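Trainee: Before anything else, here's the structure in question.
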Amino acid sequence: MGLTAQFASRLLSCTPKLLNNPLETSRRLVLSTTTTLRNRKRSGPGPPRLKIVNATRESGGGAEVDTAVAVKEKPKSERFEVYRGSPTPFGATARDGGVNFAIFSANAVSATLCLISLSDLHENKVAEQISLDPSTNKTGDVWHVFLKGDFKDMLYGYKFDGKFSPDEGLYYDFSRILLDPYAKAVISRGEFGALGADGNCWPQMACTVPSFDDEFDWEGDLPLKYPQRDLIIYEMHVRGFTRHESSRTEFPGTYLGVVEKLHHLKELGVNCIELMPCHEFNELEYSSYNSVLGDHKVNFWGYSTVNYFSPMAKYSSSGVRNCGRDAIYEFKLLIREAHKQGIEVIMDVVFNHTAEGNENGPLLSFRGVDNSVYYMLAPKGEFYNYSGCGNTFNCNNPVVRQFIVDCLRYWVTEMHVDGFRFDLASIMTRGSSLWDAVNVYGNSIEGDWMTTGSPLSSPPLIDMISNDPILHGVKLIAEAWDTGGLYQVGTFPHWGIWSEWNGKYRDTVRQFIKGTGGFSGAFAECLCGSPNLYREGGRKPWNSINFVCAHDGFTLADLVTYNNKHNLANGEDNKDGENHNNSWNCGQEGELARTSVKKLRKRQMRNFFLCLMVSQGVPMIYMGDEYGHTKGGNNNTYCHDNYMNYFQWDKKEESSSDFFRFCCLMTKFRHECESLGLNDFPTAEKLQWHGHTPGMPDWSETSRFVAFTLIDSVKGEIYVAFNTSHLPVIITLPERPGFRWEPLVDTSKPTPYDFLTIDLPGREIAYDQYAHFLDANLYPMLSYSSIILILSPEESS
């Protein structure tokens, strides 16, 4: 989810509000037990009653006053033994023959632990409510209790009481059962896309109580710890990868389905998966009838988190069975089996906003637990909307940033993931509500006053993550922008270890490959790992995550098929989605086109993929691009649980998917070349630029040709050239006495001659067709084509 998505189209219940220049405010409310709660209804037993004991009459200064001591009754339970409990760790923790529950809430006046049996969940019944005594079950701002008893098939949640005053940023409602932010599994409906009782899109959710039997055999699994420069990343949607019937998997659309298809990624040459959101979310959040397709919209992408510690239960084969524990098991199985195949797994995480939306959204967890802490608020309680989705997570608040670090640690230590890609990461660099130097650093700094949401040069959250002993060694990738206009590609606070989705690489490469003038110099920077962006800050080429396509926007096939977006299927009159795609349809709009146009499109797809594989930095491939998946020109398919977002395995197997062969050979070539994954930016000792003649590059506004030679310790030397002009050209190759240039890749040729492998039948015939050019140290390039030549000794020719 990036700037290219129109987030308003992804919200039905949330009305975003952007606030300009708000005044900073600091609100801490001390509420008495007699607080009158306005504008809401109560249900359930309510908070526990107080007993008044030791009443006396005292006089002082002549006046008599009544005094009394309020003593709260000890929490009781018919099913469980109840003890004081411990304020740490947060969440529900199985230990000492029972379960400890601990949750933060600074502004609530009472807390009640609700225990729910699995059989009663869908009927909204509560098996038991245990009211917590603030004198014994609260330490600081943490409520806690320890229970012993039979927790089989038992779930839990909380009720909090306090003031309901949106103008003051408080949303306490004792009638609502809330999720524990630290819950390790969350369940509601068991099947993806299935409505709850009476068509309810938001049925009651509950948290899984941990068990001493929750063990997983990792079989000695250890982190692969690949140097980031060696990665080839594959952006994948778990459900979309195997949901199509042609996947022929036993459990389509699940974590287990992905495990069945890991061999495909191995064949493709991928060694790192980037999973689109797998935290628990509600796919029915945007549910509404779509008259265009005659179906219902869903939140397919998942960029709307309900709980950050919980894997998406509806991506497991068992749904809600075993109280959601199977989702944890199957996610771990995916990580373990991917590691066995030599594939790392990083997660796309969404810490910029949650599913609770703005003031019109539901109370699910954070809002009802402590809204003024977890969300970035304006002076009168309005929600800042730097995310474009109704609210903004208050990332640099001390409590919230510790929550985020705890969450990331859990996924690394308990779930064995290898890193994270942070959606709209620039929000994590903005000042929190109640921002001031004392609040963050413990002392004031002259001139440090700033408004909520102001960009911070040294954001505390990024500092904590970067220097955490567990997290600083994993992959950390920022989507370095947000919808509030903060664009930080090349300037994201990095501590030397953060990488970035390089949106400038995407835009420049698209412009140059489609033949736009004035981009030859910028394109050369992209080939070198964008030193113009990263060198000055002390970073390396691998800090640039290079991509041409991602989930948000056109697929690679659509990038060369459509000039304009075709989003009518979204039911929003084609008003959603990015309008500036830097695409080119190669002369005819849509899939029905002349043969010559279709051939040019395939050539352009090869050009884009070759560019990715020969660029310094880390290449990222979007799922399905390796066979030419199309979404029919829809560049914002967030709401479709259908063929648009499904990997179509039958298309991959068709002869028309000859592009898959090309992709596999190009990734293999990149892995083989030491020089295509450098740890530092290439210098003149290793790289030389060329034009139509050697050593004469053309960086003019009219240039559409870029070529370079690169010294490689494995291949010796390689020559790469791009001709994005509409005219063909004959180029002169660099003189290398005693050696001869041999063709390896030419994107203008049809498969299989686009990549001349050693065992290719007819390879010598294809080679002889260009022998007379090579004898003269020349090579003919068609329009819109790219080539790779390898230097070989004369005697081997």
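Residue names in the structure tokens use chain letters A, B, ... in the order shown, residue numbers from 1 in each chain, and ligand numbers from 1 in the order shown.
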With only C-alpha atoms as the counted atoms, please give the residues lying no more than 8 Å from range 206-210 of chain A, apart from itself and same-chain residues fewer than 3 positions off, as a PDB file with N, CA and C atoms, in the first residue's frame.

Mentor:
ATOM      1  N   ALA A  92      -1.480 -12.639  27.641  1.00  0.00           N
ATOM      2  CA  ALA A  92      -1.801 -13.836  28.417  1.00  0.00           C
ATOM      3  C   ALA A  92      -0.623 -14.792  28.324  1.00  0.00           C
ATOM      4  N   THR A  93      -0.116 -15.232  29.484  1.00  0.00           N
ATOM      5  CA  THR A  93       1.088 -16.052  29.537  1.00  0.00           C
ATOM      6  C   THR A  93       0.840 -17.277  30.405  1.00  0.00           C
ATOM      7  N   ALA A  94       1.059 -18.463  29.841  1.00  0.00           N
ATOM      8  CA  ALA A  94       0.910 -19.706  30.608  1.00  0.00           C
ATOM      9  C   ALA A  94       2.160 -19.914  31.463  1.00  0.00           C
ATOM     10  N   VAL A  99      -2.546 -19.210  34.122  1.00  0.00           N
ATOM     11  CA  VAL A  99      -2.354 -18.198  33.082  1.00  0.00           C
ATOM     12  C   VAL A  99      -2.366 -16.820  33.723  1.00  0.00           C
ATOM     13  N   ILE A 116     -14.628 -16.663  27.589  1.00  0.00           N
ATOM     14  CA  ILE A 116     -15.653 -17.062  26.621  1.00  0.00           C
ATOM     15  C   ILE A 116     -15.322 -18.454  26.109  1.00  0.00           C
ATOM     16  N   LEU A 121     -18.978 -18.414  21.574  1.00  0.00           N
ATOM     17  CA  LEU A 121     -18.461 -17.197  20.943  1.00  0.00           C
ATOM     18  C   LEU A 121     -19.463 -16.606  19.961  1.00  0.00           C
ATOM     19  N   PHE A 151      -8.812 -24.325  31.132  1.00  0.00           N
ATOM     20  CA  PHE A 151      -8.959 -23.348  30.058  1.00  0.00           C
ATOM     21  C   PHE A 151      -9.245 -24.006  28.707  1.00  0.00           C
ATOM     22  N   MET A 154     -11.174 -22.311  25.721  1.00  0.00           N
ATOM     23  CA  MET A 154     -11.549 -21.053  26.359  1.00  0.00           C
ATOM     24  C   MET A 154     -10.854 -19.884  25.668  1.00  0.00           C
ATOM     25  N   LEU A 155     -11.599 -18.823  25.462  1.00  0.00           N
ATOM     26  CA  LEU A 155     -11.100 -17.587  24.866  1.00  0.00           C
ATOM     27  C   LEU A 155     -11.247 -16.473  25.890  1.00  0.00           C
ATOM     28  N   TYR A 156     -10.689 -15.297  25.559  1.00  0.00           N
ATOM     29  CA  TYR A 156     -10.815 -14.197  26.511  1.00  0.00           C
ATOM     30  C   TYR A 156     -10.866 -12.850  25.806  1.00  0.00           C
ATOM     31  N   GLY A 157     -11.306 -11.863  26.547  1.00  0.00           N
ATOM     32  CA  GLY A 157     -11.312 -10.473  26.120  1.00  0.00           C
ATOM     33  C   GLY A 157     -11.428  -9.604  27.358  1.00  0.00           C
ATOM     34  N   LEU A 178     -13.365  -6.294  24.343  1.00  0.00           N
ATOM     35  CA  LEU A 178     -12.226  -5.841  23.530  1.00  0.00           C
ATOM     36  C   LEU A 178     -11.144  -6.890  23.450  1.00  0.00           C
ATOM     37  N   LEU A 179     -10.399  -6.828  22.346  1.00  0.00           N
ATOM     38  CA  LEU A 179      -9.257  -7.716  22.164  1.00  0.00           C
ATOM     39  C   LEU A 179      -8.051  -7.187  22.925  1.00  0.00           C
ATOM     40  N   ASP A 180      -7.281  -8.101  23.465  1.00  0.00           N
ATOM     41  CA  ASP A 180      -6.003  -7.767  24.090  1.00  0.00           C
ATOM     42  C   ASP A 180      -5.013  -7.430  22.987  1.00  0.00           C
ATOM     43  N   ALA A 183      -2.599 -10.225  22.336  1.00  0.00           N
ATOM     44  CA  ALA A 183      -3.097 -11.585  22.123  1.00  0.00           C
ATOM     45  C   ALA A 183      -2.313 -12.267  21.006  1.00  0.00           C
ATOM     46  N   LYS A 184      -2.010 -13.548  21.172  1.00  0.00           N
ATOM     47  CA  LYS A 184      -1.208 -14.284  20.205  1.00  0.00           C
ATOM     48  C   LYS A 184      -2.041 -14.978  19.140  1.00  0.00           C
ATOM     49  N   ALA A 185      -3.350 -15.026  19.326  1.00  0.00           N
ATOM     50  CA  ALA A 185      -4.260 -15.541  18.305  1.00  0.00           C
ATOM     51  C   ALA A 185      -5.629 -14.922  18.539  1.00  0.00           C
ATOM     52  N   VAL A 186      -6.318 -14.582  17.451  1.00  0.00           N
ATOM     53  CA  VAL A 186      -7.640 -13.970  17.505  1.00  0.00           C
ATOM     54  C   VAL A 186      -8.549 -14.722  16.543  1.00  0.00           C
ATOM     55  N   ILE A 187      -9.760 -15.048  16.979  1.00  0.00           N
ATOM     56  CA  ILE A 187     -10.680 -15.746  16.095  1.00  0.00           C
ATOM     57  C   ILE A 187     -12.054 -15.100  16.136  1.00  0.00           C
ATOM     58  N   SER A 188     -12.786 -15.279  15.055  1.00  0.00           N
ATOM     59  CA  SER A 188     -14.204 -14.896  14.993  1.00  0.00           C
ATOM     60  C   SER A 188     -14.866 -15.868  14.023  1.00  0.00           C
ATOM     61  N   ASP A 214       1.232 -25.741  23.811  1.00  0.00           N
ATOM     62  CA  ASP A 214       1.467 -25.020  22.562  1.00  0.00           C
ATOM     63  C   ASP A 214       2.939 -25.082  22.187  1.00  0.00           C
ATOM     64  N   CYS A 323      -9.152 -23.233  18.636  1.00  0.00           N
ATOM     65  CA  CYS A 323      -9.090 -21.843  19.148  1.00  0.00           C
ATOM     66  C   CYS A 323      -8.027 -20.987  18.463  1.00  0.00           C
ATOM     67  N   GLY A 324      -7.771 -21.242  17.195  1.00  0.00           N
ATOM     68  CA  GLY A 324      -6.822 -20.420  16.457  1.00  0.00           C
ATOM     69  C   GLY A 324      -5.375 -20.827  16.601  1.00  0.00           C
ATOM     70  N   ARG A 325      -5.104 -21.820  17.416  1.00  0.00           N
ATOM     71  CA  ARG A 325      -3.701 -22.240  17.606  1.00  0.00           C
ATOM     72  C   ARG A 325      -3.126 -22.840  16.332  1.00  0.00           C
TER      73      ARG A 325
END

Trainee: Running DSSP on the backbone, which parts of range 218-379 of chain A land in strand (DSSP E), as a list in words?

Mentor: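 Selection result, strand (DSSP E) within range 218-379 of chain A: Ile233, Tyr234, Glu235, Met236, Cys272, Ile273, Glu274, Leu275, His279, Glu280, Phe281, Tyr289, Asn290, Asp295, His296, Thr305, Val306, Asn307, Tyr308, Phe309, Ser310, Pro311, Glu344, Val345, Ile346, Met347, Asp348 and Val349 of chain A.
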
Trainee: Determine, counting only C-alpha atoms, which protein, DNA and RNA residues have an atom within 10 Å of an atom of range 484-490 of chain A; residues of the same chain fewer than 6 positions away are not included. Present the result as JSON, numbers by chain.

Mentor: {"A": [3, 18, 384, 385, 386, 387, 388, 424, 425, 426, 427, 429, 430, 453, 454, 455, 478, 499, 500, 501, 502, 503, 504, 530, 531, 532, 533, 534, 535, 536, 537, 539, 543, 544]}

Trainee: Please identify the alpha helix (DSSP H) residues within range 196-244 of chain A (assignment by DSSP from backbone atoms) and present them as number ranges by chain.

Mentor: A: 238-242

Trainee: Pick out the closest residue to Tyr286 in chain A from this set: A:Val109, A:Cys639, A:Val345, A:Leu678. Count only C-alpha atoms.

Mentor: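 So, comparing all the options, the nearest one is A:Cys639.
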
Trainee: What's around Phe281 in chain A at 9 Å? Count only C-alpha atoms, leave out sequence neighbours fewer than 3 positions away in its own chain, and write the answer as a count of residues only.

Mentor: 13

Trainee: CA of Lys631 in chain A and CA of Leu592 in chain A, how far apart in Å?

Mentor: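 That distance, rounded to one decimal, is 14.2 Å.
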
Trainee: Hey, can you check how far CA of Lys602 in chain A sits from CA of Phe659 in chain A?

Mentor: 7.8 Å
